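> Dropping in target34.cif, with mmCIF, C-alpha atoms and all ligand atoms.
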```
data_run
loop_
_atom_site.group_PDB
_atom_site.id
_atom_site.type_symbol
_atom_site.label_atom_id
_atom_site.label_comp_id
_atom_site.auth_asym_id
_atom_site.auth_seq_id
_atom_site.Cartn_x
_atom_site.Cartn_y
_atom_site.Cartn_z
ATOM 1 C CA MET A 1 100.968 129.152 158.387
ATOM 2 C CA SER A 2 98.625 126.187 158.760
ATOM 3 C CA VAL A 3 94.892 126.702 159.116
ATOM 4 C CA PRO A 4 93.389 125.723 162.496
ATOM 5 C CA ALA A 5 91.700 122.315 162.492
ATOM 6 C CA LYS A 6 87.970 122.308 161.976
ATOM 7 C CA GLU A 7 86.392 120.551 164.900
ATOM 8 C CA SER A 8 82.693 121.540 164.640
ATOM 9 C CA LYS A 9 79.764 119.856 162.851
ATOM 10 C CA ALA A 10 78.674 123.112 161.252
ATOM 11 C CA LYS A 11 77.266 123.436 157.741
ATOM 12 C CA ILE A 12 79.825 126.122 156.855
ATOM 13 C CA SER A 13 82.944 126.812 158.907
ATOM 14 C CA ILE A 14 85.065 129.889 158.362
ATOM 15 C CA ARG A 15 88.526 129.446 159.844
ATOM 16 C CA ASP A 16 91.116 132.172 160.333
ATOM 17 C CA LEU A 17 89.950 133.890 157.143
ATOM 18 C CA THR A 18 91.752 137.011 155.979
ATOM 19 C CA MET A 19 90.340 138.776 152.928
ATOM 20 C CA ALA A 20 92.255 141.317 150.884
ATOM 21 C CA TYR A 21 92.279 143.174 147.603
ATOM 22 C CA GLY A 22 96.008 143.307 146.829
ATOM 23 C CA SER A 23 97.705 144.856 149.854
ATOM 24 C CA PHE A 24 94.398 146.266 151.200
ATOM 25 C CA VAL A 25 93.228 143.942 153.983
ATOM 26 C CA VAL A 26 89.417 144.148 154.233
ATOM 27 C CA MET A 27 88.968 141.805 157.240
ATOM 28 C CA LYS A 28 91.356 139.543 159.091
ATOM 29 C CA ASP A 29 91.245 136.390 161.220
ATOM 30 C CA LEU A 30 87.534 135.610 160.864
ATOM 31 C CA THR A 31 86.519 132.367 162.585
ATOM 32 C CA PHE A 32 82.847 131.429 162.950
ATOM 33 C CA ASP A 33 80.305 128.753 162.009
ATOM 34 C CA ILE A 34 77.029 128.719 160.088
ATOM 35 C CA GLN A 35 74.710 125.888 161.147
ATOM 36 C CA ASP A 36 72.343 123.787 159.055
ATOM 37 C CA ARG A 37 69.011 125.612 158.486
ATOM 38 C CA ASP A 38 70.336 128.871 159.878
ATOM 39 C CA ILE A 39 69.073 132.121 158.478
ATOM 40 C CA PHE A 40 72.464 133.687 158.933
ATOM 41 C CA VAL A 41 73.036 137.405 158.434
ATOM 42 C CA ILE A 42 76.372 138.973 157.555
ATOM 43 C CA MET A 43 76.102 142.498 158.931
ATOM 44 C CA GLY A 44 78.184 145.588 159.519
ATOM 45 C CA GLY A 45 78.591 149.173 158.337
ATOM 46 C CA SER A 46 78.979 150.246 154.749
ATOM 47 C CA GLY A 47 82.181 148.995 153.145
ATOM 48 C CA CYS A 48 83.111 146.644 156.007
ATOM 49 C CA GLY A 49 83.406 143.656 153.666
ATOM 50 C CA LYS A 50 80.025 141.900 153.720
ATOM 51 C CA SER A 51 79.814 141.288 149.970
ATOM 52 C CA THR A 52 83.495 140.392 149.912
ATOM 53 C CA LEU A 53 82.851 137.717 152.549
ATOM 54 C CA LEU A 54 79.951 136.364 150.504
ATOM 55 C CA ARG A 55 82.235 136.147 147.464
ATOM 56 C CA HIS A 56 84.727 134.133 149.516
ATOM 57 C CA LEU A 57 81.985 131.764 150.682
ATOM 58 C CA ILE A 58 80.898 130.968 147.123
ATOM 59 C CA GLY A 59 84.406 130.756 145.679
ATOM 60 C CA LEU A 60 84.454 133.946 143.616
ATOM 61 C CA ARG A 61 87.479 135.171 145.582
ATOM 62 C CA GLU A 62 90.341 133.328 147.231
ATOM 63 C CA PRO A 63 91.337 134.041 150.848
ATOM 64 C CA ALA A 64 94.615 135.830 151.535
ATOM 65 C CA LYS A 65 94.774 133.378 154.448
ATOM 66 C CA GLY A 66 92.534 130.768 156.062
ATOM 67 C CA SER A 67 89.833 128.457 154.760
ATOM 68 C CA VAL A 68 86.135 127.967 154.200
ATOM 69 C CA TYR A 69 84.793 124.487 154.955
ATOM 70 C CA TYR A 70 81.510 122.931 153.841
ATOM 71 C CA GLY A 71 80.836 120.188 156.376
ATOM 72 C CA GLU A 72 84.144 118.423 156.842
ATOM 73 C CA GLU A 73 85.523 119.415 153.460
ATOM 74 C CA ASN A 74 87.938 122.240 152.872
ATOM 75 C CA PHE A 75 86.324 124.213 150.028
ATOM 76 C CA THR A 76 89.229 126.638 149.728
ATOM 77 C CA GLU A 77 91.786 123.911 149.114
ATOM 78 C CA ALA A 78 89.533 121.622 147.064
ATOM 79 C CA GLU A 79 90.441 120.610 143.500
ATOM 80 C CA PRO A 80 88.419 122.411 140.794
ATOM 81 C CA GLU A 81 86.216 119.354 140.094
ATOM 82 C CA SER A 82 85.177 118.864 143.688
ATOM 83 C CA ARG A 83 84.676 122.617 144.107
ATOM 84 C CA GLU A 84 82.248 122.433 141.215
ATOM 85 C CA LYS A 85 80.308 119.813 143.171
ATOM 86 C CA PHE A 86 79.875 122.265 146.073
ATOM 87 C CA ILE A 87 79.011 125.186 143.833
ATOM 88 C CA ARG A 88 76.199 123.189 142.224
ATOM 89 C CA ARG A 89 74.583 123.060 145.681
ATOM 90 C CA PHE A 90 74.556 126.878 145.976
ATOM 91 C CA GLY A 91 71.783 129.221 144.895
ATOM 92 C CA VAL A 92 72.958 132.805 144.628
ATOM 93 C CA MET A 93 71.143 136.095 144.228
ATOM 94 C CA TYR A 94 73.599 138.924 143.696
ATOM 95 C CA GLN A 95 73.168 142.471 144.955
ATOM 96 C CA SER A 96 71.724 143.768 141.708
ATOM 97 C CA GLY A 97 69.380 140.758 141.685
ATOM 98 C CA ALA A 98 69.273 141.454 138.007
ATOM 99 C CA LEU A 99 67.099 139.374 135.750
ATOM 100 C CA TRP A 100 67.655 139.525 131.998
ATOM 101 C CA SER A 101 65.324 142.303 130.868
ATOM 102 C CA SER A 102 64.816 140.779 127.407
ATOM 103 C CA LEU A 103 63.597 137.470 128.869
ATOM 104 C CA THR A 104 60.277 136.739 130.580
ATOM 105 C CA LEU A 105 60.264 135.706 134.232
ATOM 106 C CA ALA A 106 59.802 132.076 133.155
ATOM 107 C CA GLU A 107 62.696 132.267 130.677
ATOM 108 C CA ASN A 108 64.939 133.812 133.334
ATOM 109 C CA ILE A 109 64.254 130.951 135.736
ATOM 110 C CA ALA A 110 64.603 128.358 132.984
ATOM 111 C CA LEU A 111 68.146 129.541 132.143
ATOM 112 C CA PRO A 112 70.027 127.542 134.826
ATOM 113 C CA LEU A 113 67.799 124.523 134.135
ATOM 114 C CA GLY A 114 68.723 124.581 130.445
ATOM 115 C CA GLU A 115 72.392 125.043 131.291
ATOM 116 C CA PHE A 116 72.805 122.402 133.995
ATOM 117 C CA THR A 117 70.132 119.757 133.379
ATOM 118 C CA GLN A 118 68.901 117.533 130.554
ATOM 119 C CA MET A 119 65.227 118.251 131.266
ATOM 120 C CA SER A 120 62.692 118.346 128.442
ATOM 121 C CA PRO A 121 61.158 121.750 127.590
ATOM 122 C CA LYS A 122 57.824 120.576 129.044
ATOM 123 C CA ALA A 123 59.423 119.495 132.336
ATOM 124 C CA VAL A 124 61.310 122.802 132.489
ATOM 125 C CA ARG A 125 58.087 124.731 131.962
ATOM 126 C CA GLU A 126 56.384 122.797 134.782
ATOM 127 C CA LEU A 127 59.282 123.238 137.171
ATOM 128 C CA VAL A 128 59.509 126.959 136.399
ATOM 129 C CA SER A 129 55.793 127.369 137.182
ATOM 130 C CA TYR A 130 56.330 125.505 140.441
ATOM 131 C CA LYS A 131 59.274 127.757 141.418
ATOM 132 C CA LEU A 132 57.258 130.873 140.570
ATOM 133 C CA ALA A 133 54.368 129.549 142.684
ATOM 134 C CA LEU A 134 56.779 129.053 145.601
ATOM 135 C CA VAL A 135 57.608 132.764 145.570
ATOM 136 C CA GLY A 136 53.987 133.853 145.074
ATOM 137 C CA LEU A 137 54.247 134.622 141.344
ATOM 138 C CA SER A 138 51.878 132.065 139.803
ATOM 139 C CA GLY A 139 50.531 133.331 136.510
ATOM 140 C CA TYR A 140 53.412 135.759 135.888
ATOM 141 C CA GLU A 141 55.396 133.356 133.680
ATOM 142 C CA ASP A 142 55.104 135.488 130.547
ATOM 143 C CA TYR A 143 55.680 138.898 132.114
ATOM 144 C CA TYR A 144 58.932 140.769 131.514
ATOM 145 C CA PRO A 145 60.893 142.166 134.489
ATOM 146 C CA SER A 146 59.923 145.732 133.518
ATOM 147 C CA GLN A 147 56.222 144.790 133.751
ATOM 148 C CA VAL A 148 56.308 143.776 137.431
ATOM 149 C CA SER A 149 57.242 145.600 140.649
ATOM 150 C CA GLY A 150 60.681 145.724 142.286
ATOM 151 C CA GLY A 151 59.547 143.309 144.983
ATOM 152 C CA MET A 152 58.262 140.868 142.366
ATOM 153 C CA ASN A 153 61.590 141.101 140.521
ATOM 154 C CA LYS A 154 63.405 140.204 143.738
ATOM 155 C CA ARG A 155 61.092 137.272 144.325
ATOM 156 C CA ALA A 156 61.668 136.079 140.757
ATOM 157 C CA GLY A 157 65.414 136.457 141.428
ATOM 158 C CA ILE A 158 65.018 134.160 144.431
ATOM 159 C CA ALA A 159 63.036 131.691 142.302
ATOM 160 C CA ARG A 160 65.918 131.683 139.818
ATOM 161 C CA ALA A 161 68.469 131.159 142.611
ATOM 162 C CA MET A 162 66.351 128.179 143.720
ATOM 163 C CA ALA A 163 65.947 126.682 140.251
ATOM 164 C CA LEU A 164 68.417 123.845 140.886
ATOM 165 C CA ASP A 165 67.094 123.063 144.408
ATOM 166 C CA PRO A 166 70.095 124.475 146.244
ATOM 167 C CA ASP A 167 71.082 123.291 149.657
ATOM 168 C CA ILE A 168 72.332 126.755 150.597
ATOM 169 C CA LEU A 169 70.849 130.031 149.405
ATOM 170 C CA PHE A 170 73.111 133.109 149.351
ATOM 171 C CA LEU A 171 71.333 136.468 149.084
ATOM 172 C CA ASP A 172 73.226 139.754 148.741
ATOM 173 C CA GLU A 173 71.103 142.700 149.958
ATOM 174 C CA PRO A 174 67.764 141.152 148.900
ATOM 175 C CA GLY A 175 65.710 144.021 150.343
ATOM 176 C CA ALA A 176 67.768 146.849 148.828
ATOM 177 C CA GLY A 177 65.602 149.417 147.074
ATOM 178 C CA LEU A 178 62.300 147.949 148.243
ATOM 179 C CA ASP A 179 59.598 149.821 150.124
ATOM 180 C CA PRO A 180 59.045 148.607 153.717
ATOM 181 C CA LEU A 181 55.985 146.515 152.842
ATOM 182 C CA SER A 182 57.686 144.703 149.940
ATOM 183 C CA SER A 183 60.766 144.235 152.084
ATOM 184 C CA ARG A 184 58.594 142.669 154.795
ATOM 185 C CA ARG A 185 56.978 140.326 152.235
ATOM 186 C CA LEU A 186 60.422 139.280 151.098
ATOM 187 C CA ASP A 187 61.402 138.529 154.706
ATOM 188 C CA ASP A 188 58.282 136.372 155.107
ATOM 189 C CA LEU A 189 59.161 134.552 151.894
ATOM 190 C CA ILE A 190 62.711 133.823 153.052
ATOM 191 C CA LEU A 191 61.414 132.411 156.353
ATOM 192 C CA ARG A 192 58.816 130.309 154.565
ATOM 193 C CA LEU A 193 61.355 128.904 152.118
ATOM 194 C CA ARG A 194 63.754 127.950 154.883
ATOM 195 C CA ASP A 195 60.936 126.231 156.801
ATOM 196 C CA SER A 196 59.402 124.420 153.831
ATOM 197 C CA LEU A 197 62.558 123.470 151.937
ATOM 198 C CA GLY A 198 64.964 123.136 154.859
ATOM 199 C CA SER A 199 67.592 125.295 153.129
ATOM 200 C CA THR A 200 70.336 127.162 154.911
ATOM 201 C CA VAL A 201 70.166 130.855 154.028
ATOM 202 C CA VAL A 202 73.113 133.272 154.195
ATOM 203 C CA ILE A 203 72.127 136.910 153.731
ATOM 204 C CA VAL A 204 74.113 140.115 153.443
ATOM 205 C CA THR A 205 72.131 143.045 154.760
ATOM 206 C CA HIS A 206 72.311 146.081 156.988
ATOM 207 C CA GLU A 207 68.550 146.503 157.253
ATOM 208 C CA LEU A 208 67.819 146.184 160.958
ATOM 209 C CA ALA A 209 64.116 145.374 160.588
ATOM 210 C CA SER A 210 64.999 142.413 158.367
ATOM 211 C CA ILE A 211 67.830 141.292 160.593
ATOM 212 C CA PHE A 212 65.577 141.067 163.664
ATOM 213 C CA ALA A 213 62.664 139.579 161.702
ATOM 214 C CA ILE A 214 64.434 136.663 160.094
ATOM 215 C CA ALA A 215 67.939 135.949 161.366
ATOM 216 C CA ASN A 216 68.548 133.397 164.083
ATOM 217 C CA ASN A 217 72.296 133.794 163.786
ATOM 218 C CA SER A 218 74.698 136.444 162.526
ATOM 219 C CA VAL A 219 78.206 137.806 162.301
ATOM 220 C CA PHE A 220 79.103 141.478 162.756
ATOM 221 C CA LEU A 221 82.124 142.696 160.805
ATOM 222 C CA ASP A 222 83.708 145.562 162.699
ATOM 223 C CA THR A 223 85.168 148.243 160.408
ATOM 224 C CA GLU A 224 87.072 149.812 163.289
ATOM 225 C CA THR A 225 89.132 146.735 164.148
ATOM 226 C CA ARG A 226 88.883 145.099 160.701
ATOM 227 C CA THR A 227 87.886 141.834 162.250
ATOM 228 C CA LEU A 228 84.905 139.989 163.663
ATOM 229 C CA GLY A 229 82.993 142.079 166.223
ATOM 230 C CA ALA A 230 80.536 139.412 167.389
ATOM 231 C CA VAL A 231 78.730 136.232 166.392
ATOM 232 C CA GLY A 232 75.290 135.143 167.593
ATOM 233 C CA ASN A 233 71.581 135.819 167.629
ATOM 234 C CA PRO A 234 71.076 139.483 166.607
ATOM 235 C CA SER A 235 68.568 140.272 169.399
ATOM 236 C CA ASP A 236 70.957 138.835 171.976
ATOM 237 C CA LEU A 237 73.830 140.815 170.506
ATOM 238 C CA ARG A 238 71.750 144.017 170.509
ATOM 239 C CA ASP A 239 71.125 143.693 174.240
ATOM 240 C CA HIS A 240 74.135 141.809 175.533
ATOM 241 C CA SER A 241 77.141 142.129 173.250
ATOM 242 C CA GLU A 242 80.224 143.334 175.073
ATOM 243 C CA ASN A 243 81.310 145.089 171.866
ATOM 244 C CA ASP A 244 80.097 148.733 171.856
ATOM 245 C CA ASN A 245 80.188 148.954 168.053
ATOM 246 C CA VAL A 246 77.895 145.935 167.776
ATOM 247 C CA ARG A 247 75.349 147.297 170.285
ATOM 248 C CA ARG A 248 75.464 150.748 168.679
ATOM 249 C CA PHE A 249 74.906 149.299 165.189
ATOM 250 C CA LEU A 250 71.986 147.133 166.323
ATOM 251 C CA ASN A 251 70.444 150.012 168.318
ATOM 252 C CA ARG A 252 70.559 152.432 165.354
ATOM 253 C CA GLY A 253 73.485 154.387 166.730
ATOM 254 C CA GLU A 254 72.054 154.801 170.237
ATOM 255 C CA GLU A 255 74.504 154.378 173.085
ATOM 256 C CA ILE A 256 72.833 151.529 174.959
ATOM 257 C CA ALA A 257 74.447 149.927 177.986
ATOM 258 C CA VAL A 258 74.668 146.148 178.135
ATOM 259 C CA LYS A 259 71.363 144.785 179.484
ATOM 260 C CA LYS A 260 71.685 142.518 182.469
ATOM 261 C CA ASP A 261 69.334 139.555 182.718
ATOM 262 C CA ALA A 262 66.747 140.025 185.493
HETATM 263 N N1 LIG B 301 87.150 144.698 143.452
HETATM 264 C C1 LIG B 301 87.633 145.445 144.455
HETATM 265 N N2 LIG B 301 88.885 145.937 144.418
HETATM 266 C C2 LIG B 301 89.386 146.683 145.427
HETATM 267 N N3 LIG B 301 88.699 147.014 146.544
HETATM 268 C C3 LIG B 301 87.433 146.548 146.629
HETATM 269 C C4 LIG B 301 86.831 145.744 145.608
HETATM 270 N N4 LIG B 301 85.572 145.444 145.983
HETATM 271 C C5 LIG B 301 85.391 146.022 147.186
HETATM 272 N N5 LIG B 301 86.503 146.701 147.575
HETATM 273 C C6 LIG B 301 86.683 147.418 148.837
HETATM 274 O O1 LIG B 301 86.632 146.461 149.887
HETATM 275 C C7 LIG B 301 85.906 146.976 150.983
HETATM 276 C C8 LIG B 301 84.729 146.056 151.275
HETATM 277 O O2 LIG B 301 83.800 146.127 150.206
HETATM 278 P P1 LIG B 301 82.421 145.313 150.227
HETATM 279 O O3 LIG B 301 81.684 145.667 148.986
HETATM 280 O O4 LIG B 301 82.699 143.888 150.494
HETATM 281 O O5 LIG B 301 81.728 145.949 151.503
HETATM 282 P P2 LIG B 301 80.197 145.877 151.970
HETATM 283 O O6 LIG B 301 80.241 145.750 153.443
HETATM 284 O O7 LIG B 301 79.488 144.819 151.205
HETATM 285 O O8 LIG B 301 79.692 147.321 151.559
HETATM 286 P P3 LIG B 301 78.197 147.893 151.303
HETATM 287 O O9 LIG B 301 77.429 147.718 152.576
HETATM 288 O O10 LIG B 301 78.453 149.340 151.016
HETATM 289 O O11 LIG B 301 77.629 147.128 150.142
HETATM 290 C C9 LIG B 301 85.480 148.395 150.618
HETATM 291 O O12 LIG B 301 86.458 149.278 151.157
HETATM 292 C C10 LIG B 301 85.552 148.404 149.105
HETATM 293 O O13 LIG B 301 85.865 149.692 148.622
#
```
Rewrite the coordinates I just gave you, this time as structure tokens.

Amino acid sequence: MSVPAKESKAKISIRDLTMAYGSFVVMKDLTFDIQDRDIFVIMGGSGCGKSTLLRHLIGLREPAKGSVYYGEENFTEAEPESREKFIRRFGVMYQSGALWSSLTLAENIALPLGEFTQMSPKAVRELVSYKLALVGLSGYEDYYPSQVSGGMNKRAGIARAMALDPDILFLDEPGAGLDPLSSRRLDDLILRLRDSLGSTVVIVTHELASIFAIANNSVFLDTETRTLGAVGNPSDLRDHSENDNVRRFLNRGEEIAVKKDA
């Protein structure tokens, strides 16, 4: 079956996407857009397919059906060389956010620079210090991950994801395992980075405080129907979504009627 034409000017367009592991269909017929400079949250209950969707967006898994577009270009159907071109524009922090424990923070961030650029060691060192400063970790270059807090590790993970100046930052559960204050600091950092660097940020999370604090746009994956439950601004969806599962999720399980505008 052919994929529906992409007619929007979105940064990322997901069209008729069905995701499966073998015969197990995780989500079907997803169609939505992510706009330039969005802080876009992928949300939904445990096991609904948030991380799986992220993997499809960055090309780690192939759709059972449908396509992912970057701008006008069909990423899913692109040749390996042109896919590579897209992937170089992505910065990714995976769920574990894991840094190499045997490397200092600076060495961790320098890794992608050594792998993908021809920069001199001095230029790498300067750029690494700049990236660490961006995430509030100036002076921590020579610390090992075990010597700094969980929140600082996450921030260093973001600095590493940003090493190659990505156009789009993908973050899988960035606040997982952090105390509320560190989680809040991380939210502030994500907002600041989007505003100062103009990146588009796609985040997987089910932490409501974070969702309302940072996301201007979102998609809710509905486990019950195995398809998209809603797309839009999370506060609007909390108050106005016609989908009960979406309102319940965003109201912490409370049964809240749809709010009517005064
Ligand atoms: N490699 C895999 N092989 C088979 N099934 C998988 C695989 N990875 C995930 N799944 C299943 O696919 C479904 C979606 O998983 P996924 O990790 O994407 O959900 P999630 O919404 O990110 O979950 P959580 O919020 O718990 O992290 C789950 O039922 C999971 O068990």
> Kindly compile the residues surrounding ligand LIG 301 (chain B) within 9 Å, counting all atoms listed in the file, and format them as a list in words.
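These are the residues that qualify: Ala20, Tyr21, Gly22, Phe24, Val25, Val26, Met27, Ile42, Met43, Gly44, Gly45, Ser46, Gly47, Cys48, Gly49, Lys50, Ser51, Thr52, Leu53, Leu54, Arg55, Gln95, Asp172, Glu173, Val204, Thr205, His206, Leu221 and Thr223 of chain A.
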> Within 8 Å of (75.3, 122.7, 159.8), in the coordinates the file gives, what residues turn up when you count only C-alpha atoms, written out as number ranges by chain?
A: 9-12, 34-38, 71
> Give the answer as one residue: which of A:Arg155, A:Asp179, A:Ala123, A:Val135 has the shortest atom-to-atom distance to Arg192 in chain A, using only C-alpha atoms?
A:Val135
> Identify which of the residues A:Ile158, A:Leu193, A:Val128, A:Ala213 lies closest to Val41 in chain A, counting all atoms listed in the file when measuring atom-to-atom distances.
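Going through A:Ile158, A:Leu193, A:Val128, A:Ala213 one by one, the smallest distance to Val41 in chain A is for A:Ala213.
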> So which residues get picked by the PyMOL selection byres (((chain A and resi 108-122) around 10) and not hetatm) here, written as a PyMOL selection string?
chain A and resi 88+98-107+123-129+131-132+141+144-145+156-164
> Record the distance separating CA of Gly151 in chain A and CA of Pro166 in chain A, expressed in Å with one decimal.
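Between CA of Gly151 in chain A and CA of Pro166 in chain A the gap is 21.6 Å.
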> Do you know which residues lie at most 12 Å from (75.3, 149.8, 163.7), with coordinates as in the file and only C-alpha atoms counted, and could you write them as a PyMOL selection string?
chain A and resi 43-46+48+205-208+211+220-224+229+234+237-238+243-256
> Store the residues picked out above, limited to C-alpha atoms, as an mmCIF file, in the coordinates of the input.

```cif
data_model
loop_
_atom_site.group_PDB
_atom_site.id
_atom_site.type_symbol
_atom_site.label_atom_id
_atom_site.label_comp_id
_atom_site.auth_asym_id
_atom_site.auth_seq_id
_atom_site.Cartn_x
_atom_site.Cartn_y
_atom_site.Cartn_z
ATOM 1 C CA MET A 43 76.102 142.498 158.931
ATOM 2 C CA GLY A 44 78.184 145.588 159.519
ATOM 3 C CA GLY A 45 78.591 149.173 158.337
ATOM 4 C CA SER A 46 78.979 150.246 154.749
ATOM 5 C CA CYS A 48 83.111 146.644 156.007
ATOM 6 C CA THR A 205 72.131 143.045 154.760
ATOM 7 C CA HIS A 206 72.311 146.081 156.988
ATOM 8 C CA GLU A 207 68.550 146.503 157.253
ATOM 9 C CA LEU A 208 67.819 146.184 160.958
ATOM 10 C CA ILE A 211 67.830 141.292 160.593
ATOM 11 C CA PHE A 220 79.103 141.478 162.756
ATOM 12 C CA LEU A 221 82.124 142.696 160.805
ATOM 13 C CA ASP A 222 83.708 145.562 162.699
ATOM 14 C CA THR A 223 85.168 148.243 160.408
ATOM 15 C CA GLU A 224 87.072 149.812 163.289
ATOM 16 C CA GLY A 229 82.993 142.079 166.223
ATOM 17 C CA PRO A 234 71.076 139.483 166.607
ATOM 18 C CA LEU A 237 73.830 140.815 170.506
ATOM 19 C CA ARG A 238 71.750 144.017 170.509
ATOM 20 C CA ASN A 243 81.310 145.089 171.866
ATOM 21 C CA ASP A 244 80.097 148.733 171.856
ATOM 22 C CA ASN A 245 80.188 148.954 168.053
ATOM 23 C CA VAL A 246 77.895 145.935 167.776
ATOM 24 C CA ARG A 247 75.349 147.297 170.285
ATOM 25 C CA ARG A 248 75.464 150.748 168.679
ATOM 26 C CA PHE A 249 74.906 149.299 165.189
ATOM 27 C CA LEU A 250 71.986 147.133 166.323
ATOM 28 C CA ASN A 251 70.444 150.012 168.318
ATOM 29 C CA ARG A 252 70.559 152.432 165.354
ATOM 30 C CA GLY A 253 73.485 154.387 166.730
ATOM 31 C CA GLU A 254 72.054 154.801 170.237
ATOM 32 C CA GLU A 255 74.504 154.378 173.085
ATOM 33 C CA ILE A 256 72.833 151.529 174.959
#
```
> Which is closer to Glu62 in chain A than all the others in A:Leu17, A:Phe32, A:Glu79, A:Ser196, using only C-alpha atoms?
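For Glu62 in chain A, the nearest of the given residues is A:Leu17.
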> What is the distance between CA of Arg185 in chain A and CA of Ala209 in chain A, in Å to one decimal?
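CA of Ala209 in chain A lies at a distance of 12.1 Å from CA of Arg185 in chain A.
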> What separation in Å, quoted to one decimal, exists between CA of Asp165 in chain A and CA of Ser199 in chain A?
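Those two atoms sit 9.0 Å apart.
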> So which one's closest to Val68 in chain A, A:Thr31, A:Ser13, A:Ser241, A:Thr18? Using all atoms listed in the file, please.
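Checking each of A:Thr31, A:Ser13, A:Ser241, A:Thr18 against Val68 in chain A, counting all atoms listed in the file, the winner is A:Ser13.
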> Given only C-alpha atoms as the basis, pick out the residue of A:Asp187, A:Gly59, A:Leu171, A:Tyr94 nearest to Ala78 in chain A.
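Nearest candidate to Ala78 in chain A out of A:Asp187, A:Gly59, A:Leu171, A:Tyr94: A:Gly59.
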> A:Ile58, A:Ala64, A:Leu169, A:Ile87: which is nearest Asp29 in chain A, counting all atoms listed in the file?
A:Ala64
> So that I can check the surroundings of Phe170 in chain A, please list as a list in words every protein, DNA and RNA residue that reaches within 8 Å of it, counting all atoms listed in the file and ignoring chain neighbours fewer than 3 positions away.
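In the requested form, the answer reads Leu54, Phe90, Gly91, Val92, Met93, Val201, Val202 and Ile203 of chain A.
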> Applying 6 Å and all atoms listed in the file, which residues near Phe40 in chain A remain after dropping the ones on its own chain fewer than 5 positions away? List them as a PyMOL selection string.
chain A and resi 202+215+217-218
> Can I get range 52-63 of chain A with N, CA and C atoms filled in, as a PDB file, keeping the file's coordinate frame?

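After the write, rebuild17.pdb holds the following:
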```pdb
ATOM      1  N   THR A  52      82.208 141.063 150.126  1.00  0.00           N
ATOM      2  CA  THR A  52      83.495 140.392 149.912  1.00  0.00           C
ATOM      3  C   THR A  52      83.485 139.038 150.614  1.00  0.00           C
ATOM      4  N   LEU A  53      82.932 138.994 151.827  1.00  0.00           N
ATOM      5  CA  LEU A  53      82.851 137.717 152.549  1.00  0.00           C
ATOM      6  C   LEU A  53      81.970 136.731 151.780  1.00  0.00           C
ATOM      7  N   LEU A  54      80.843 137.233 151.284  1.00  0.00           N
ATOM      8  CA  LEU A  54      79.951 136.364 150.504  1.00  0.00           C
ATOM      9  C   LEU A  54      80.698 135.780 149.295  1.00  0.00           C
ATOM     10  N   ARG A  55      81.472 136.628 148.636  1.00  0.00           N
ATOM     11  CA  ARG A  55      82.235 136.147 147.464  1.00  0.00           C
ATOM     12  C   ARG A  55      83.231 135.065 147.862  1.00  0.00           C
ATOM     13  N   HIS A  56      83.811 135.186 149.049  1.00  0.00           N
ATOM     14  CA  HIS A  56      84.727 134.133 149.516  1.00  0.00           C
ATOM     15  C   HIS A  56      83.967 132.840 149.800  1.00  0.00           C
ATOM     16  N   LEU A  57      82.749 132.967 150.333  1.00  0.00           N
ATOM     17  CA  LEU A  57      81.985 131.764 150.682  1.00  0.00           C
ATOM     18  C   LEU A  57      81.584 130.978 149.436  1.00  0.00           C
ATOM     19  N   ILE A  58      81.350 131.687 148.324  1.00  0.00           N
ATOM     20  CA  ILE A  58      80.898 130.968 147.123  1.00  0.00           C
ATOM     21  C   ILE A  58      82.032 130.734 146.120  1.00  0.00           C
ATOM     22  N   GLY A  59      83.244 131.093 146.505  1.00  0.00           N
ATOM     23  CA  GLY A  59      84.406 130.756 145.679  1.00  0.00           C
ATOM     24  C   GLY A  59      84.708 131.743 144.566  1.00  0.00           C
ATOM     25  N   LEU A  60      84.143 132.946 144.641  1.00  0.00           N
ATOM     26  CA  LEU A  60      84.454 133.946 143.616  1.00  0.00           C
ATOM     27  C   LEU A  60      85.752 134.692 143.936  1.00  0.00           C
ATOM     28  N   ARG A  61      86.174 134.612 145.194  1.00  0.00           N
ATOM     29  CA  ARG A  61      87.479 135.171 145.582  1.00  0.00           C
ATOM     30  C   ARG A  61      88.198 134.185 146.484  1.00  0.00           C
ATOM     31  N   GLU A  62      89.526 134.230 146.410  1.00  0.00           N
ATOM     32  CA  GLU A  62      90.341 133.328 147.231  1.00  0.00           C
ATOM     33  C   GLU A  62      90.826 134.069 148.473  1.00  0.00           C
ATOM     34  N   PRO A  63      90.850 133.387 149.629  1.00  0.00           N
ATOM     35  CA  PRO A  63      91.337 134.041 150.848  1.00  0.00           C
ATOM     36  C   PRO A  63      92.816 134.417 150.730  1.00  0.00           C
TER      37      PRO A  63
END
```
